[in-house]
>>> print(open('upload.txt').read())   # compact mmCIF, C-alpha atoms
# COMPACT_ATOMS: atom_id res chain seq x y z
CA LEU S 109 4.97 5.78 -41.57
CA GLN S 110 8.60 5.11 -42.48
CA PHE S 111 9.25 1.91 -44.37
CA ASP S 112 12.79 1.94 -45.71
CA GLY S 113 16.13 0.14 -45.59
CA ILE S 114 16.66 1.12 -41.96
CA SER S 115 13.31 -0.46 -41.05
CA ILE S 116 14.29 -3.71 -42.78
CA VAL S 117 17.66 -3.85 -41.01
CA LEU S 118 15.91 -3.01 -37.73
CA VAL S 119 13.42 -5.90 -37.90
CA LEU S 120 16.10 -8.34 -39.09
CA GLY S 121 18.25 -7.35 -36.11
CA ILE S 122 15.34 -7.77 -33.72
CA ALA S 123 14.56 -11.25 -35.10
CA VAL S 124 18.19 -12.32 -34.58
CA LEU S 125 18.23 -10.85 -31.05
CA TYR S 126 15.07 -12.75 -30.10
CA GLN S 127 16.63 -16.06 -31.25
CA THR S 128 19.04 -15.98 -28.31
CA TYR S 129 16.06 -16.85 -26.10
CA TYR S 130 15.87 -20.33 -27.60
CA TYR S 131 19.61 -20.94 -27.21
CA ALA S 132 19.40 -19.85 -23.60
CA ILE S 133 16.55 -22.13 -22.58
CA GLU S 134 18.35 -25.07 -24.16
CA ARG S 135 21.44 -24.62 -22.00
CA GLY S 136 20.30 -25.38 -18.47
CA LYS S 137 17.57 -25.79 -15.91
CA ILE S 138 14.66 -23.71 -17.15
CA ILE S 139 13.93 -22.17 -13.74
CA LEU S 140 17.49 -20.84 -13.47
CA THR S 141 17.93 -19.86 -17.10
CA ALA S 142 14.52 -18.17 -17.09
CA ALA S 143 15.58 -16.15 -14.06
CA LEU S 144 18.57 -14.84 -15.98
CA LEU S 145 16.45 -14.28 -19.08
CA SER S 146 14.11 -12.13 -17.00
CA THR S 147 16.78 -9.45 -16.90
CA TYR S 148 15.44 -8.43 -20.33
CA GLN S 149 12.93 -6.28 -18.44
CA ALA S 150 15.65 -4.24 -16.79
CA THR S 151 17.62 -3.92 -20.04
CA SER S 152 14.59 -2.67 -21.95
CA TYR S 153 13.64 -0.35 -19.10
CA ILE S 154 17.08 1.24 -18.92
CA LEU S 155 17.30 1.69 -22.71
CA ALA S 156 13.83 3.29 -22.81
CA VAL S 157 14.71 5.71 -20.02
CA VAL S 158 18.08 6.65 -21.53
CA PHE S 159 17.26 6.81 -25.25
CA LEU S 160 13.51 7.46 -25.38
CA HIS S 161 13.60 9.73 -22.31
CA GLU S 162 10.75 7.89 -20.61
CA HIS S 163 10.54 9.02 -17.02
CA ASN S 164 8.83 6.97 -14.37
CA SER S 165 8.15 7.08 -10.66
CA VAL S 166 10.57 6.17 -7.90
CA LEU S 167 8.51 3.04 -7.24
CA GLN S 168 9.03 1.92 -10.84
CA TYR S 169 12.80 2.43 -10.55
CA VAL S 170 12.76 0.39 -7.33
CA ALA S 171 10.89 -2.38 -9.19
CA VAL S 172 13.70 -2.59 -11.78
CA VAL S 173 16.25 -3.00 -8.99
CA GLY S 174 13.93 -5.68 -7.56
CA ILE S 175 14.05 -7.57 -10.86
CA ILE S 176 17.83 -7.62 -10.76
CA LEU S 177 18.01 -8.60 -7.08
CA GLY S 178 15.31 -11.26 -7.56
CA THR S 179 17.29 -12.76 -10.42
CA LEU S 180 20.39 -12.94 -8.25
CA CYS S 181 18.48 -14.50 -5.33
CA ILE S 182 16.94 -17.21 -7.53
CA SER S 183 20.27 -18.05 -9.17
CA VAL S 184 22.74 -17.69 -6.29
CA GLU S 185 22.49 -21.30 -5.08
CA GLU S 186 23.33 -22.68 -8.53
CA PHE S 187 26.16 -20.16 -8.94
CA VAL S 188 27.66 -21.37 -5.66
CA LYS S 189 27.37 -25.02 -6.79
CA VAL S 190 29.04 -24.27 -10.12
CA PHE S 191 31.86 -22.14 -8.80
CA GLY S 192 32.43 -24.28 -5.70
CA ARG S 193 33.46 -27.34 -7.72
CA ARG S 194 36.90 -28.23 -8.96
CA ARG S 195 37.64 -26.95 -12.40
CA GLY S 196 37.62 -29.43 -15.23
CA GLU S 197 36.74 -30.00 -18.85
CA LYS S 198 33.01 -29.77 -18.25
CA ASP S 199 33.13 -26.26 -16.74
CA TYR S 200 32.09 -24.71 -20.03
CA VAL S 201 28.99 -26.90 -20.11
CA ARG S 202 28.13 -26.10 -16.49
CA LEU S 203 28.67 -22.38 -17.06
CA SER S 204 27.06 -22.06 -20.48
CA TRP S 205 23.57 -21.57 -19.01
CA ILE S 206 24.84 -18.49 -17.16
CA PHE S 207 26.36 -16.99 -20.31
CA TRP S 208 23.36 -17.77 -22.50
CA GLY S 209 20.85 -16.71 -19.84
CA LEU S 210 22.49 -13.31 -19.40
CA LEU S 211 23.10 -12.88 -23.13
CA GLY S 212 19.51 -13.89 -23.88
CA GLY S 213 18.18 -11.47 -21.27
CA PHE S 214 20.27 -8.63 -22.64
CA ALA S 215 19.48 -9.45 -26.29
CA ASN S 216 15.74 -9.76 -25.66
CA GLY S 217 15.73 -6.49 -23.71
CA VAL S 218 17.45 -4.76 -26.63
CA GLY S 219 14.95 -6.50 -28.94
CA ASP S 220 11.99 -5.14 -26.96
CA PHE S 221 13.48 -1.65 -26.95
CA LEU S 222 14.13 -1.78 -30.69
CA SER S 223 10.59 -3.12 -31.21
CA LYS S 224 9.28 0.07 -29.62
CA VAL S 225 11.49 2.07 -32.00
CA GLY S 226 10.23 -0.02 -34.94
CA VAL S 227 6.60 0.51 -33.99
CA LEU S 228 7.26 4.26 -33.77
CA ARG S 229 8.93 4.27 -37.22
CA MET S 230 6.13 2.26 -38.83
CA ASP S 231 2.70 1.38 -37.54
CA ALA S 232 2.28 -1.64 -35.27
CA TYR S 233 0.66 -3.87 -37.90
CA THR S 234 3.35 -3.23 -40.51
CA PHE S 235 6.02 -3.84 -37.89
CA ILE S 236 4.44 -7.13 -36.76
CA LEU S 237 4.20 -8.36 -40.36
CA MET S 238 7.81 -7.36 -41.11
CA LEU S 239 9.00 -9.03 -37.90
CA ALA S 240 7.25 -12.29 -38.84
CA LEU S 241 8.99 -12.22 -42.24
CA ALA S 242 12.30 -11.34 -40.57
CA TYR S 243 12.06 -14.51 -38.47
CA VAL S 244 12.29 -16.52 -41.68
CA ALA S 245 15.51 -14.69 -42.62
CA ALA S 246 16.83 -15.11 -39.07
CA ILE S 247 16.38 -18.87 -39.41
CA GLY S 248 18.73 -18.67 -42.40
CA VAL S 249 21.31 -16.83 -40.27
CA ASN S 250 20.88 -19.48 -37.58
CA ILE S 251 21.49 -22.30 -40.08
CA VAL S 252 24.73 -20.65 -41.24
CA LEU S 253 26.05 -19.88 -37.75
CA ASP S 254 24.95 -22.99 -35.86
CA ARG S 255 26.24 -25.94 -37.86
CA ASP S 256 26.43 -28.13 -34.72
CA GLY S 257 22.79 -27.39 -33.94
CA MET S 258 21.79 -28.52 -37.39
CA LYS S 259 23.33 -31.94 -36.68
CA ARG S 260 20.91 -32.52 -33.79
CA SER S 261 17.66 -34.10 -34.77
CA PRO S 262 14.65 -31.88 -34.03
CA PHE S 263 12.71 -35.06 -33.35
CA LYS S 264 15.19 -36.54 -30.86
CA HIS S 265 12.50 -36.33 -28.19
CA LYS S 266 9.35 -36.89 -30.23
CA ASN S 267 7.10 -36.58 -27.19
CA LEU S 268 8.32 -33.00 -26.66
CA VAL S 269 7.84 -31.69 -30.23
CA MET S 270 4.22 -30.68 -29.61
CA TYR S 271 5.20 -28.76 -26.46
CA THR S 272 7.88 -26.96 -28.45
CA ILE S 273 5.42 -25.99 -31.16
CA ILE S 274 2.79 -24.82 -28.65
CA GLY S 275 5.36 -22.87 -26.63
CA THR S 276 6.79 -21.17 -29.70
CA VAL S 277 3.33 -20.22 -30.98
CA LEU S 278 2.37 -18.77 -27.58
CA VAL S 279 5.60 -16.75 -27.34
CA GLU S 280 5.05 -15.31 -30.79
CA LEU S 281 1.35 -14.63 -30.12
CA GLY S 282 2.40 -12.75 -26.99
CA LEU S 283 4.51 -10.41 -29.10
CA ILE S 284 1.46 -9.21 -31.04
CA PRO S 285 -0.35 -7.44 -28.17
CA MET S 286 2.98 -6.21 -26.79
CA ASN S 287 3.82 -4.52 -30.09
CA LEU S 288 0.31 -3.09 -30.34
CA ALA S 289 0.80 -1.65 -26.84
CA PHE S 290 4.13 -0.11 -27.89
CA GLU S 291 2.20 2.07 -30.32
CA THR S 292 0.62 4.10 -27.51
CA GLY S 293 2.43 3.26 -24.26
CA PRO S 294 5.94 3.59 -22.83
CA ALA S 295 8.31 0.66 -23.39
CA SER S 296 9.67 1.10 -19.87
CA LEU S 297 6.30 -0.03 -18.47
CA ILE S 298 4.97 -2.31 -21.23
CA THR S 299 7.95 -4.69 -21.25
CA PRO S 300 7.89 -5.44 -17.49
CA ILE S 301 4.09 -5.80 -17.52
>>> encode(input="upload.txt", output="structure tokens")
Amino acid sequence: LQFDGISIVLVLGIAVLYQTYYYAIERGKIILTAALLSTYQATSYILAVVFLHEHNSVLQYVAVVGIILGTLCISVEEFVKVFGRRRGEKDYVRLSWIFWGLLGGFANGVGDFLSKVGVLRMDAYTFILMLALAYVAAIGVNIVLDRDGMKRSPFKHKNLVMYTIIGTVLVELGLIPMNLAFETGPASLITPI
């Protein structure tokens, strides 16, 4: 069990990385943004193979390529629509879902990989507790960096607040068994599963 300054920085970094998910889903059609976000599986897989030396079967490597190709197939129609239009002032808005989706996928993949490292440095329960506390600090970082976001009312769509709360709780509850699984299993298989 290693609980030190590196562990604190690690969980704070992971909490900030996971926040990109929420920015990404805000930026565009959820089915398209979610497809780009799903690249987190490939990112985590590649990092686990390279840095943790997890070796898997040929079929598992083919599955990672399938994730990437599936993401492209789901998104290609929207990419064509976006890039086939005349350029104008609203291009940034139309393209922001692509940027945030890919950034969110990469950041969450790195977050999952680093979660495996965190669980190996500490035990799973200590890591989960530290990560929950790190989310509070990450909210502070978010407030400092996203001044425009703070101007938007969280209750703009009052009928959606409950869905947001339920969705957030379910996402966070899903991280608990995943981090418990990281304690004994390979990240390259746990993250895609």
>>> residues_around(input="upload.txt", residues="Leu288 in chain S", least_positions_apart="4", cutoff="8 Å", atoms="only C-alpha atoms", output="number ranges by chain")
S: 232-233, 284, 292
>>> write_last_selection(input="upload.txt", atoms="C-alpha atoms", output="PDB file, keeping the file's coordinate frame")
ATOM      1  CA  ALA S 232       2.280  -1.640 -35.270  1.00  0.00           C
ATOM      2  CA  TYR S 233       0.660  -3.870 -37.900  1.00  0.00           C
ATOM      3  CA  ILE S 284       1.460  -9.210 -31.040  1.00  0.00           C
ATOM      4  CA  THR S 292       0.620   4.100 -27.510  1.00  0.00           C
TER       5      THR S 292
END
>>> atom_distance(input="upload.txt", atom1="CA of Thr141 in chain S", atom2="CA of Trp208 in chain S")
7.9 Å
>>> residues_around(input="upload.txt", residues="Ala142 in chain S", least_positions_apart="5", cutoff="10 Å", atoms="all atoms listed in the file", output="PyMOL selection string")
chain S and resi 129+132-133+136-137+147+179+182-183+205+209-210+212-213
>>> write_last_selection(input="upload.txt", atoms="C-alpha atoms", output="JSON list (two decimals), in the frame of the given file")
[["chain", "number", "residue", "atom", "x", "y", "z"],
["S", 129, "TYR", "CA", 16.06, -16.85, -26.10],
["S", 132, "ALA", "CA", 19.40, -19.85, -23.60],
["S", 133, "ILE", "CA", 16.55, -22.13, -22.58],
["S", 136, "GLY", "CA", 20.30, -25.38, -18.47],
["S", 137, "LYS", "CA", 17.57, -25.79, -15.91],
["S", 147, "THR", "CA", 16.78, -9.45, -16.90],
["S", 179, "THR", "CA", 17.29, -12.76, -10.42],
["S", 182, "ILE", "CA", 16.94, -17.21, -7.53],
["S", 183, "SER", "CA", 20.27, -18.05, -9.17],
["S", 205, "TRP", "CA", 23.57, -21.57, -19.01],
["S", 209, "GLY", "CA", 20.85, -16.71, -19.84],
["S", 210, "LEU", "CA", 22.49, -13.31, -19.40],
["S", 212, "GLY", "CA", 19.51, -13.89, -23.88],
["S", 213, "GLY", "CA", 18.18, -11.47, -21.27]]
>>> residues_near_point(input="upload.txt", point="(13.4, -7.9, -40.1)", cutoff="12 Å", atoms="only C-alpha atoms", output="MDAnalysis selection string")
chainID S and resid 111:126 219 222:223 226 234:247 249
>>> residues_around(input="upload.txt", residues="His163 in chain S", least_positions_apart="3", cutoff="12 Å", atoms="all atoms listed in the file", output="NGL selection string")
:S and (153-160 or 166-169 or 294-297)
>>> build_atoms(input="upload.txt", residues="range 154-165 of chain S", atoms="all heavy atoms", output="short mmCIF file (atom, residue, chain, number, x, y, z; two decimals), keeping the file's coordinate frame")
data_model
loop_
_atom_site.label_atom_id
_atom_site.label_comp_id
_atom_site.auth_asym_id
_atom_site.auth_seq_id
_atom_site.Cartn_x
_atom_site.Cartn_y
_atom_site.Cartn_z
N ILE S 154 15.96 0.30 -18.94
CA ILE S 154 17.08 1.24 -18.92
C ILE S 154 17.25 1.90 -20.29
O ILE S 154 17.44 3.12 -20.39
CB ILE S 154 18.38 0.53 -18.47
CG1 ILE S 154 18.26 0.16 -16.99
CG2 ILE S 154 19.61 1.39 -18.74
CD1 ILE S 154 19.30 -0.84 -16.50
N LEU S 155 17.17 1.12 -21.36
CA LEU S 155 17.30 1.69 -22.71
C LEU S 155 16.18 2.69 -23.01
O LEU S 155 16.42 3.74 -23.61
CB LEU S 155 17.32 0.58 -23.76
CG LEU S 155 18.56 -0.31 -23.76
CD1 LEU S 155 18.37 -1.49 -24.70
CD2 LEU S 155 19.80 0.48 -24.12
N ALA S 156 14.96 2.38 -22.58
CA ALA S 156 13.83 3.29 -22.81
C ALA S 156 14.00 4.59 -22.04
O ALA S 156 13.71 5.67 -22.56
CB ALA S 156 12.51 2.61 -22.44
N VAL S 157 14.49 4.50 -20.82
CA VAL S 157 14.71 5.71 -20.02
C VAL S 157 15.83 6.55 -20.63
O VAL S 157 15.70 7.77 -20.78
CB VAL S 157 15.01 5.34 -18.55
CG1 VAL S 157 15.51 6.53 -17.77
CG2 VAL S 157 13.76 4.75 -17.89
N VAL S 158 16.93 5.92 -21.01
CA VAL S 158 18.08 6.65 -21.53
C VAL S 158 17.84 7.21 -22.93
O VAL S 158 18.09 8.39 -23.19
CB VAL S 158 19.35 5.75 -21.52
CG1 VAL S 158 20.50 6.42 -22.24
CG2 VAL S 158 19.74 5.40 -20.09
N PHE S 159 17.33 6.39 -23.85
CA PHE S 159 17.26 6.81 -25.25
C PHE S 159 15.90 7.37 -25.67
O PHE S 159 15.83 8.17 -26.59
CB PHE S 159 17.65 5.65 -26.17
CG PHE S 159 19.09 5.28 -26.04
CD1 PHE S 159 19.46 4.11 -25.38
CD2 PHE S 159 20.09 6.10 -26.54
CE1 PHE S 159 20.79 3.76 -25.24
CE2 PHE S 159 21.43 5.76 -26.41
CZ PHE S 159 21.78 4.60 -25.76
N LEU S 160 14.84 6.93 -25.03
CA LEU S 160 13.51 7.46 -25.38
C LEU S 160 13.04 8.50 -24.37
O LEU S 160 11.95 9.04 -24.49
CB LEU S 160 12.49 6.32 -25.48
CG LEU S 160 12.77 5.27 -26.55
CD1 LEU S 160 11.72 4.16 -26.49
CD2 LEU S 160 12.81 5.90 -27.93
N HIS S 161 13.86 8.73 -23.34
CA HIS S 161 13.60 9.73 -22.31
C HIS S 161 12.27 9.50 -21.61
O HIS S 161 11.54 10.45 -21.30
CB HIS S 161 13.69 11.15 -22.89
CG HIS S 161 14.96 11.38 -23.64
ND1 HIS S 161 16.19 11.44 -23.02
CD2 HIS S 161 15.19 11.53 -24.96
CE1 HIS S 161 17.13 11.63 -23.92
NE2 HIS S 161 16.56 11.68 -25.11
N GLU S 162 11.95 8.23 -21.37
CA GLU S 162 10.75 7.89 -20.61
C GLU S 162 11.08 8.02 -19.13
O GLU S 162 12.03 7.42 -18.65
CB GLU S 162 10.30 6.47 -20.94
CG GLU S 162 9.86 6.28 -22.36
CD GLU S 162 9.43 4.87 -22.69
OE1 GLU S 162 9.40 4.01 -21.79
OE2 GLU S 162 9.13 4.63 -23.86
N HIS S 163 10.31 8.81 -18.45
CA HIS S 163 10.54 9.02 -17.02
C HIS S 163 9.42 8.38 -16.23
O HIS S 163 8.25 8.51 -16.57
CB HIS S 163 10.65 10.51 -16.71
CG HIS S 163 11.79 11.15 -17.42
ND1 HIS S 163 13.10 10.94 -17.07
CD2 HIS S 163 11.84 11.95 -18.52
CE1 HIS S 163 13.90 11.60 -17.89
NE2 HIS S 163 13.15 12.23 -18.79
N ASN S 164 9.79 7.71 -15.17
CA ASN S 164 8.83 6.97 -14.37
C ASN S 164 8.99 7.35 -12.90
O ASN S 164 9.88 8.12 -12.52
CB ASN S 164 9.01 5.47 -14.58
CG ASN S 164 8.75 5.10 -16.03
OD1 ASN S 164 7.67 5.30 -16.53
ND2 ASN S 164 9.76 4.60 -16.71
N SER S 165 8.16 6.76 -12.09
CA SER S 165 8.15 7.08 -10.66
C SER S 165 9.30 6.36 -9.94
O SER S 165 9.89 5.41 -10.47
CB SER S 165 6.82 6.67 -10.04
OG SER S 165 6.72 5.25 -10.00
#
